[in-house]
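Below is one structure, written out as structure tokens; comments come after it.
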Amino acid sequence: MIITLEQFIIERQKEIPDSTGAFSQILRDIGLAAKIVSREVNKAGLVDILGITGTTNVQGEEVKKLDVYANHTFIKVLKKGGSVCAIASEEEEEIISINGPNAKYAITLDPLDGSSNIDVNVSIGTIFSIYKRVSEMGPGTEEDCLQMGLKQVAAGYVIYGSSTMLVYTTGNGVNGFTLDPSIGEFCLSHANMKIPKRGKVYSINEGNIKEYSVGVQKYVDYLHDTDKTTSRPYSARYIGSMVADFHRNLLQGGIFIYPASKKSPNGKLRLLYEANPMAFILEQAGGRASNGFEPILQIQPKELHQRVPLFMGSEEDVLMAEKFMQEYGHGF
Ligand code: AHM
Ligand code: MG
């Protein structure tokens, strides 16, 4: 029997005493926005033959870049839903503050991650985290978004790939839903997802290897070595679209690394809407995520767009990478 995302959310809501439905509303809104973005992503390649000239298409509608479109779609849908008091988005310098009687939650969002891959038909994604607001009722504040990852009440991502999938956790396991375009519903396809304890794959932008710290270089050397008992050498798989690399590793095991480099001492990826949500999902799926030295979920954010070095994936693989980091320290 098919279980749709909507049905699943309603079933889970019944388990929460005194639930007002505000939280379920956000999850449903994310599902809706994801469907709208998925539709647009799927026709991205048709843009040329549909006759778009300049900034307007044949219907006379303004054409926006997909990442801007995704940003507007998620914000519009979440605002209308009424459960969110603050939205921090990769596409917005400041938070979007909202006032409403049921606005009990804050959300951080990367509306379209890996968007440089759109033109080459490679999977891209949306990433989100949800927190309980910490400010008094009224318009949301930056503090509502600047919470430690441990405080997340839900996190997830949507991958726009060969099919569109929504994967999320509310701290009670990880579940994946695949969009069935024929009925326009996300259907439960991957219940209670678990990442293998160890993988055979590593994902890192190895072109920059000389820019990385000694610990990262030594760890990658270690992965290149031959040793049957630990399945080495590992295979390199790097799509350059974090959600896609993450999704593969979640299903099949492995480690994803975006480390600090000489040029970018904090790496590239963002704590609030890239590292934290993935770290929460991993923790729920039996994996691990750190900056090489401390758990991602325990880092107190200071800025909305703060970057963080990221090591995440199968528990044993991340533990081994951390061992190298700790042995060689922060040195380049
Ligand atoms: P974006 O948010 O600007 O799309 O950048 C994030 C993306 C990730 O999806 C991906 O893992 C990473 O950037 C790839 O970066 P690089 O090209 O430096 O390897
Ligand atoms: Mg991004």
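Note on naming: chains are A, B, ... as they come in the structure tokens, residues start from 1 per chain, ligands start from 1 in the order shown.
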
Task: DSSP alpha helix (DSSP H) selection over range 155-267 of chain A, as number ranges by chain - done: A: 214-224, 242-252

Output file for the selection above: N, CA and C atoms, as a PDB file, in the first residue's frame:
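The new file out11.pdb reads:
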ATOM      1  N   VAL A 214      47.724  18.949   6.137  1.00  0.00           N
ATOM      2  CA  VAL A 214      48.494  17.698   6.107  1.00  0.00           C
ATOM      3  C   VAL A 214      47.605  16.518   6.511  1.00  0.00           C
ATOM      4  N   GLY A 215      46.764  16.721   7.519  1.00  0.00           N
ATOM      5  CA  GLY A 215      45.876  15.648   7.986  1.00  0.00           C
ATOM      6  C   GLY A 215      44.988  15.126   6.858  1.00  0.00           C
ATOM      7  N   VAL A 216      44.407  16.027   6.078  1.00  0.00           N
ATOM      8  CA  VAL A 216      43.531  15.626   4.973  1.00  0.00           C
ATOM      9  C   VAL A 216      44.363  14.902   3.911  1.00  0.00           C
ATOM     10  N   GLN A 217      45.529  15.430   3.604  1.00  0.00           N
ATOM     11  CA  GLN A 217      46.384  14.794   2.592  1.00  0.00           C
ATOM     12  C   GLN A 217      46.777  13.378   3.014  1.00  0.00           C
ATOM     13  N   LYS A 218      47.131  13.234   4.269  1.00  0.00           N
ATOM     14  CA  LYS A 218      47.550  11.903   4.760  1.00  0.00           C
ATOM     15  C   LYS A 218      46.365  10.939   4.751  1.00  0.00           C
ATOM     16  N   TYR A 219      45.187  11.442   5.122  1.00  0.00           N
ATOM     17  CA  TYR A 219      44.004  10.578   5.126  1.00  0.00           C
ATOM     18  C   TYR A 219      43.686  10.111   3.705  1.00  0.00           C
ATOM     19  N   VAL A 220      43.766  11.032   2.733  1.00  0.00           N
ATOM     20  CA  VAL A 220      43.478  10.646   1.346  1.00  0.00           C
ATOM     21  C   VAL A 220      44.537   9.653   0.850  1.00  0.00           C
ATOM     22  N   ASP A 221      45.793   9.860   1.226  1.00  0.00           N
ATOM     23  CA  ASP A 221      46.854   8.877   0.904  1.00  0.00           C
ATOM     24  C   ASP A 221      46.480   7.498   1.442  1.00  0.00           C
ATOM     25  N   TYR A 222      46.004   7.510   2.693  1.00  0.00           N
ATOM     26  CA  TYR A 222      45.599   6.261   3.351  1.00  0.00           C
ATOM     27  C   TYR A 222      44.497   5.561   2.538  1.00  0.00           C
ATOM     28  N   LEU A 223      43.551   6.358   2.023  1.00  0.00           N
ATOM     29  CA  LEU A 223      42.455   5.764   1.247  1.00  0.00           C
ATOM     30  C   LEU A 223      42.947   5.184  -0.079  1.00  0.00           C
ATOM     31  N   HIS A 224      44.069   5.707  -0.574  1.00  0.00           N
ATOM     32  CA  HIS A 224      44.628   5.214  -1.840  1.00  0.00           C
ATOM     33  C   HIS A 224      45.372   3.891  -1.663  1.00  0.00           C
ATOM     34  N   MET A 242      26.469  18.724  -3.478  1.00  0.00           N
ATOM     35  CA  MET A 242      26.577  18.080  -2.175  1.00  0.00           C
ATOM     36  C   MET A 242      25.415  17.131  -1.874  1.00  0.00           C
ATOM     37  N   VAL A 243      24.214  17.560  -2.219  1.00  0.00           N
ATOM     38  CA  VAL A 243      23.050  16.722  -1.918  1.00  0.00           C
ATOM     39  C   VAL A 243      23.169  15.375  -2.639  1.00  0.00           C
ATOM     40  N   ALA A 244      23.650  15.417  -3.881  1.00  0.00           N
ATOM     41  CA  ALA A 244      23.767  14.175  -4.653  1.00  0.00           C
ATOM     42  C   ALA A 244      24.872  13.290  -4.081  1.00  0.00           C
ATOM     43  N   ASP A 245      26.020  13.894  -3.741  1.00  0.00           N
ATOM     44  CA  ASP A 245      27.095  13.110  -3.130  1.00  0.00           C
ATOM     45  C   ASP A 245      26.639  12.534  -1.795  1.00  0.00           C
ATOM     46  N   PHE A 246      25.914  13.349  -1.038  1.00  0.00           N
ATOM     47  CA  PHE A 246      25.439  12.919   0.279  1.00  0.00           C
ATOM     48  C   PHE A 246      24.443  11.771   0.145  1.00  0.00           C
ATOM     49  N   HIS A 247      23.526  11.922  -0.777  1.00  0.00           N
ATOM     50  CA  HIS A 247      22.459  10.929  -0.945  1.00  0.00           C
ATOM     51  C   HIS A 247      23.052   9.559  -1.306  1.00  0.00           C
ATOM     52  N   ARG A 248      24.000   9.568  -2.240  1.00  0.00           N
ATOM     53  CA  ARG A 248      24.649   8.306  -2.613  1.00  0.00           C
ATOM     54  C   ARG A 248      25.350   7.689  -1.400  1.00  0.00           C
ATOM     55  N   ASN A 249      26.084   8.515  -0.668  1.00  0.00           N
ATOM     56  CA  ASN A 249      26.806   7.971   0.482  1.00  0.00           C
ATOM     57  C   ASN A 249      25.860   7.497   1.583  1.00  0.00           C
ATOM     58  N   LEU A 250      24.725   8.178   1.740  1.00  0.00           N
ATOM     59  CA  LEU A 250      23.751   7.738   2.741  1.00  0.00           C
ATOM     60  C   LEU A 250      23.243   6.329   2.397  1.00  0.00           C
ATOM     61  N   LEU A 251      22.988   6.116   1.120  1.00  0.00           N
ATOM     62  CA  LEU A 251      22.446   4.814   0.715  1.00  0.00           C
ATOM     63  C   LEU A 251      23.512   3.725   0.685  1.00  0.00           C
ATOM     64  N   GLN A 252      24.717   4.095   0.240  1.00  0.00           N
ATOM     65  CA  GLN A 252      25.724   3.047  -0.018  1.00  0.00           C
ATOM     66  C   GLN A 252      26.914   3.099   0.927  1.00  0.00           C
TER      67      GLN A 252
END

For chain A against ligand 1, with a cut-off of 6 Å and counting only C-alpha atoms and all ligand atoms, what is the closest atom pair and its distance in Å to one decimal for every residue that makes the cut, ordered by chain and number, as JSON lines?
{"residue": "A:Asp113", "atom": "CA", "partner": "ligand 1", "partner_atom_place_in_ligand_line": "4 (O)", "distance": 4.1}
{"residue": "A:Gly114", "atom": "CA", "partner": "ligand 1", "partner_atom_place_in_ligand_line": "4 (O)", "distance": 3.3}
{"residue": "A:Ser115", "atom": "CA", "partner": "ligand 1", "partner_atom_place_in_ligand_line": "4 (O)", "distance": 4.9}
{"residue": "A:Asn205", "atom": "CA", "partner": "ligand 1", "partner_atom_place_in_ligand_line": "19 (O)", "distance": 4.8}
{"residue": "A:Gly240", "atom": "CA", "partner": "ligand 1", "partner_atom_place_in_ligand_line": "14 (C)", "distance": 4.3}
{"residue": "A:Ser241", "atom": "CA", "partner": "ligand 1", "partner_atom_place_in_ligand_line": "9 (O)", "distance": 3.6}
{"residue": "A:Met242", "atom": "CA", "partner": "ligand 1", "partner_atom_place_in_ligand_line": "11 (O)", "distance": 3.6}

Open item on the list: Can you work out which residues are within 10 Å of ligand 2, considering only C-alpha atoms and all ligand atoms, and then hand them over as an MDAnalysis selection string?
Closed with: chainID A and resid 67 89:91 109:116 124:127 241:243 268:270 273:275

TODO: Identify, on the basis of only C-alpha atoms, every residue whose closest approach to Arg237 in chain A does not exceed 9 Å; exclude the query and any residue fewer than 4 positions from it along the same chain; express the result as an NGL selection string.
DONE: :A and (201-204 or 245)

Selection to disk with all heavy atoms, as a tab-separated table (two decimals), in the first residue's frame:
chain	number	residue	atom	x	y	z
A	201	VAL	N	33.73	4.39	-0.59
A	201	VAL	CA	33.75	5.54	-1.48
A	201	VAL	C	34.16	6.79	-0.71
A	201	VAL	O	33.76	6.95	0.44
A	201	VAL	CB	32.32	5.73	-2.07
A	201	VAL	CG1	32.08	7.14	-2.53
A	201	VAL	CG2	32.07	4.76	-3.20
A	202	TYR	N	34.97	7.64	-1.32
A	202	TYR	CA	35.25	8.95	-0.72
A	202	TYR	C	34.94	10.04	-1.73
A	202	TYR	O	35.13	9.88	-2.92
A	202	TYR	CB	36.68	9.04	-0.20
A	202	TYR	CG	37.76	9.12	-1.26
A	202	TYR	CD1	38.42	10.31	-1.52
A	202	TYR	CD2	38.13	8.00	-2.00
A	202	TYR	CE1	39.41	10.39	-2.49
A	202	TYR	CE2	39.12	8.06	-2.96
A	202	TYR	CZ	39.76	9.25	-3.21
A	202	TYR	OH	40.73	9.33	-4.18
A	203	SER	N	34.43	11.15	-1.21
A	203	SER	CA	34.01	12.27	-2.05
A	203	SER	C	34.68	13.53	-1.55
A	203	SER	O	34.36	14.02	-0.46
A	203	SER	CB	32.50	12.49	-1.97
A	203	SER	OG	31.80	11.28	-1.91
A	204	ILE	N	35.61	14.03	-2.34
A	204	ILE	CA	36.33	15.26	-1.98
A	204	ILE	C	36.80	15.89	-3.29
A	204	ILE	O	37.05	15.16	-4.26
A	204	ILE	CB	37.52	14.95	-1.05
A	204	ILE	CG1	38.23	16.21	-0.57
A	204	ILE	CG2	38.53	14.01	-1.72
A	204	ILE	CD1	39.27	15.96	0.54
A	245	ASP	N	26.02	13.89	-3.74
A	245	ASP	CA	27.10	13.11	-3.13
A	245	ASP	C	26.64	12.53	-1.80
A	245	ASP	O	26.91	11.39	-1.46
A	245	ASP	CB	28.34	13.99	-2.92
A	245	ASP	CG	29.17	14.13	-4.19
A	245	ASP	OD1	29.45	13.09	-4.83
A	245	ASP	OD2	29.54	15.25	-4.55

Task: For Asp29 in chain A: contacts at 12 Å, only C-alpha atoms, fewer than 4 positions along chain excluded, given as a list in words - done: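 Contacts, with the query itself left out: Leu5, Glu6, Ile9, Ala22, Phe23, Ser24, Gln25, Ala33, Ala34, Lys35, Ile36, Thr73, Phe74, Ile75, Lys76, Val77, Leu78, Lys79, Lys80, Gly81, Gly82, Ser83 and Val84 of chain A.
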
Residue subset to file, keeping N, CA, C and O atoms, as a PDB file, in the first residue's frame:
ATOM      1  N   LEU A   5       3.443  11.301   1.610  1.00  0.00           N
ATOM      2  CA  LEU A   5       4.082  12.177   2.596  1.00  0.00           C
ATOM      3  C   LEU A   5       3.031  12.797   3.521  1.00  0.00           C
ATOM      4  O   LEU A   5       3.196  12.837   4.738  1.00  0.00           O
ATOM      5  N   GLU A   6       1.929  13.252   2.934  1.00  0.00           N
ATOM      6  CA  GLU A   6       0.853  13.872   3.726  1.00  0.00           C
ATOM      7  C   GLU A   6       0.323  12.900   4.784  1.00  0.00           C
ATOM      8  O   GLU A   6       0.176  13.256   5.954  1.00  0.00           O
ATOM      9  N   ILE A   9       2.909  12.351   7.539  1.00  0.00           N
ATOM     10  CA  ILE A   9       3.005  13.496   8.455  1.00  0.00           C
ATOM     11  C   ILE A   9       1.832  13.479   9.440  1.00  0.00           C
ATOM     12  O   ILE A   9       1.994  13.691  10.645  1.00  0.00           O
ATOM     13  N   ALA A  22       1.195  23.095  13.759  1.00  0.00           N
ATOM     14  CA  ALA A  22       2.068  24.112  13.149  1.00  0.00           C
ATOM     15  C   ALA A  22       3.285  23.465  12.491  1.00  0.00           C
ATOM     16  O   ALA A  22       3.691  23.821  11.384  1.00  0.00           O
ATOM     17  N   PHE A  23       3.838  22.490  13.168  1.00  0.00           N
ATOM     18  CA  PHE A  23       5.033  21.814  12.669  1.00  0.00           C
ATOM     19  C   PHE A  23       4.710  20.971  11.429  1.00  0.00           C
ATOM     20  O   PHE A  23       5.402  21.033  10.411  1.00  0.00           O
ATOM     21  N   SER A  24       3.613  20.231  11.513  1.00  0.00           N
ATOM     22  CA  SER A  24       3.205  19.427  10.357  1.00  0.00           C
ATOM     23  C   SER A  24       2.951  20.307   9.143  1.00  0.00           C
ATOM     24  O   SER A  24       3.232  19.930   8.009  1.00  0.00           O
ATOM     25  N   GLN A  25       2.420  21.490   9.420  1.00  0.00           N
ATOM     26  CA  GLN A  25       2.151  22.435   8.341  1.00  0.00           C
ATOM     27  C   GLN A  25       3.441  22.760   7.575  1.00  0.00           C
ATOM     28  O   GLN A  25       3.455  22.804   6.342  1.00  0.00           O
ATOM     29  N   ALA A  33       6.365  23.068  -1.917  1.00  0.00           N
ATOM     30  CA  ALA A  33       7.369  23.897  -2.598  1.00  0.00           C
ATOM     31  C   ALA A  33       8.318  23.006  -3.407  1.00  0.00           C
ATOM     32  O   ALA A  33       8.700  23.344  -4.530  1.00  0.00           O
ATOM     33  N   ALA A  34       8.667  21.853  -2.845  1.00  0.00           N
ATOM     34  CA  ALA A  34       9.579  20.935  -3.542  1.00  0.00           C
ATOM     35  C   ALA A  34       8.970  20.456  -4.858  1.00  0.00           C
ATOM     36  O   ALA A  34       9.666  20.336  -5.866  1.00  0.00           O
ATOM     37  N   LYS A  35       7.661  20.219  -4.851  1.00  0.00           N
ATOM     38  CA  LYS A  35       7.012  19.771  -6.094  1.00  0.00           C
ATOM     39  C   LYS A  35       7.044  20.865  -7.155  1.00  0.00           C
ATOM     40  O   LYS A  35       7.264  20.599  -8.336  1.00  0.00           O
ATOM     41  N   ILE A  36       6.834  22.095  -6.714  1.00  0.00           N
ATOM     42  CA  ILE A  36       6.839  23.212  -7.668  1.00  0.00           C
ATOM     43  C   ILE A  36       8.241  23.386  -8.251  1.00  0.00           C
ATOM     44  O   ILE A  36       8.414  23.526  -9.463  1.00  0.00           O
ATOM     45  N   THR A  73      10.041  30.559  -4.202  1.00  0.00           N
ATOM     46  CA  THR A  73       8.966  29.577  -4.029  1.00  0.00           C
ATOM     47  C   THR A  73       8.899  29.100  -2.573  1.00  0.00           C
ATOM     48  O   THR A  73       7.831  29.101  -1.952  1.00  0.00           O
ATOM     49  N   PHE A  74      10.057  28.701  -2.029  1.00  0.00           N
ATOM     50  CA  PHE A  74      10.046  28.208  -0.648  1.00  0.00           C
ATOM     51  C   PHE A  74       9.596  29.308   0.312  1.00  0.00           C
ATOM     52  O   PHE A  74       8.796  29.064   1.217  1.00  0.00           O
ATOM     53  N   ILE A  75      10.100  30.525   0.102  1.00  0.00           N
ATOM     54  CA  ILE A  75       9.742  31.611   1.023  1.00  0.00           C
ATOM     55  C   ILE A  75       8.237  31.910   0.942  1.00  0.00           C
ATOM     56  O   ILE A  75       7.556  32.025   1.964  1.00  0.00           O
ATOM     57  N   LYS A  76       7.731  31.986  -0.272  1.00  0.00           N
ATOM     58  CA  LYS A  76       6.310  32.303  -0.458  1.00  0.00           C
ATOM     59  C   LYS A  76       5.428  31.252   0.225  1.00  0.00           C
ATOM     60  O   LYS A  76       4.506  31.564   0.972  1.00  0.00           O
ATOM     61  N   VAL A  77       5.745  29.984  -0.019  1.00  0.00           N
ATOM     62  CA  VAL A  77       4.926  28.896   0.525  1.00  0.00           C
ATOM     63  C   VAL A  77       5.023  28.869   2.055  1.00  0.00           C
ATOM     64  O   VAL A  77       4.024  28.707   2.757  1.00  0.00           O
ATOM     65  N   LEU A  78       6.236  29.052   2.575  1.00  0.00           N
ATOM     66  CA  LEU A  78       6.414  28.999   4.038  1.00  0.00           C
ATOM     67  C   LEU A  78       5.749  30.186   4.728  1.00  0.00           C
ATOM     68  O   LEU A  78       5.152  30.037   5.797  1.00  0.00           O
ATOM     69  N   LYS A  79       5.833  31.347   4.104  1.00  0.00           N
ATOM     70  CA  LYS A  79       5.170  32.537   4.676  1.00  0.00           C
ATOM     71  C   LYS A  79       3.671  32.297   4.752  1.00  0.00           C
ATOM     72  O   LYS A  79       3.028  32.568   5.760  1.00  0.00           O
ATOM     73  N   LYS A  80       3.108  31.786   3.681  1.00  0.00           N
ATOM     74  CA  LYS A  80       1.672  31.582   3.604  1.00  0.00           C
ATOM     75  C   LYS A  80       1.212  30.540   4.631  1.00  0.00           C
ATOM     76  O   LYS A  80       0.139  30.654   5.210  1.00  0.00           O
ATOM     77  N   GLY A  81       2.065  29.532   4.873  1.00  0.00           N
ATOM     78  CA  GLY A  81       1.700  28.465   5.815  1.00  0.00           C
ATOM     79  C   GLY A  81       1.485  28.975   7.235  1.00  0.00           C
ATOM     80  O   GLY A  81       0.743  28.375   8.005  1.00  0.00           O
ATOM     81  N   GLY A  82       2.164  30.051   7.600  1.00  0.00           N
ATOM     82  CA  GLY A  82       1.898  30.707   8.887  1.00  0.00           C
ATOM     83  C   GLY A  82       2.592  30.115  10.106  1.00  0.00           C
ATOM     84  O   GLY A  82       2.416  30.609  11.216  1.00  0.00           O
ATOM     85  N   SER A  83       3.404  29.067   9.938  1.00  0.00           N
ATOM     86  CA  SER A  83       4.029  28.428  11.107  1.00  0.00           C
ATOM     87  C   SER A  83       5.440  28.923  11.376  1.00  0.00           C
ATOM     88  O   SER A  83       6.053  28.542  12.362  1.00  0.00           O
ATOM     89  N   VAL A  84       5.976  29.742  10.466  1.00  0.00           N
ATOM     90  CA  VAL A  84       7.388  30.108  10.527  1.00  0.00           C
ATOM     91  C   VAL A  84       7.542  31.587  10.878  1.00  0.00           C
ATOM     92  O   VAL A  84       6.859  32.444  10.318  1.00  0.00           O
TER      93      VAL A  84
END

Open item on the list: Give me, as a ChimeraX atom specification, all polymer residues having an atom no more than 12 Å from Gln7 in chain A, counting only C-alpha atoms and skipping those fewer than 4 positions away in the same chain.
Closed with: /A:1-3,11-14,24,27-28,177,185-188

TODO: Quote the spacing between CA of Ala86 in chain A and CA of Asn291 in chain A in Å to one decimal place.
DONE: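 The value is 26.6 Å.
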
Task: Coordinates-based distance that separates CA of Ile281 in chain A from CA of Lys200 in chain A (Å, one decimal) - done: 20.2 Å

Compile the contact shell of Ala289 in chain A as a tab-separated table (two decimals) with N, CA and C atoms, in the first residue's frame: residues with an atom at most 7 Å away, counting only C-alpha atoms, same-chain residues fewer than 6 positions apart removed.
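The resulting file, out35.tsv, is shown below:
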chain	number	residue	atom	x	y	z
A	279	ALA	N	24.11	16.77	9.11
A	279	ALA	CA	24.64	16.14	10.32
A	279	ALA	C	23.52	15.51	11.14
A	295	PRO	N	32.04	17.63	16.86
A	295	PRO	CA	30.79	17.34	16.13
A	295	PRO	C	30.16	18.63	15.58
A	296	ILE	N	29.69	18.54	14.35
A	296	ILE	CA	29.02	19.69	13.71
A	296	ILE	C	27.87	20.18	14.59
A	311	PHE	N	33.31	16.92	7.46
A	311	PHE	CA	33.65	15.51	7.27
A	311	PHE	C	32.41	14.73	7.66
A	312	MET	N	31.78	14.03	6.73
A	312	MET	CA	30.52	13.37	7.12
A	312	MET	C	30.26	12.11	6.32
A	313	GLY	N	29.57	11.19	6.96
A	313	GLY	CA	29.21	9.95	6.28
A	313	GLY	C	29.19	8.78	7.23

Open item on the list: Here is a test: counting only C-alpha atoms, which residue of A:Thr108, A:Ser129, A:Gln147, A:Thr4 is nearest to Ile87 in chain A?
Closed with: A:Thr108

TODO: Write out as a VMD selection string each polymer residue whose atoms come within 10 Å of Gly149 in chain A, counting only C-alpha atoms; drop sequence neighbours fewer than 4 positions from it.
DONE: chain A and resid 129 to 131 153 155 271 to 273 275 to 280 295 to 301

Open item on the list: I need the residue nearest Lys104 in chain A from this list: A:Met325, A:Cys85, A:Ala154, A:Ile30. Use only C-alpha atoms for the distance.
Closed with: A:Cys85

- [ ] Can you work out which one of A:Gln306, A:Ser231, A:Asn99, A:Asn42 has the shortest atom-to-atom distance to Thr164 in chain A, counting only C-alpha atoms?
- [x] A:Asn42
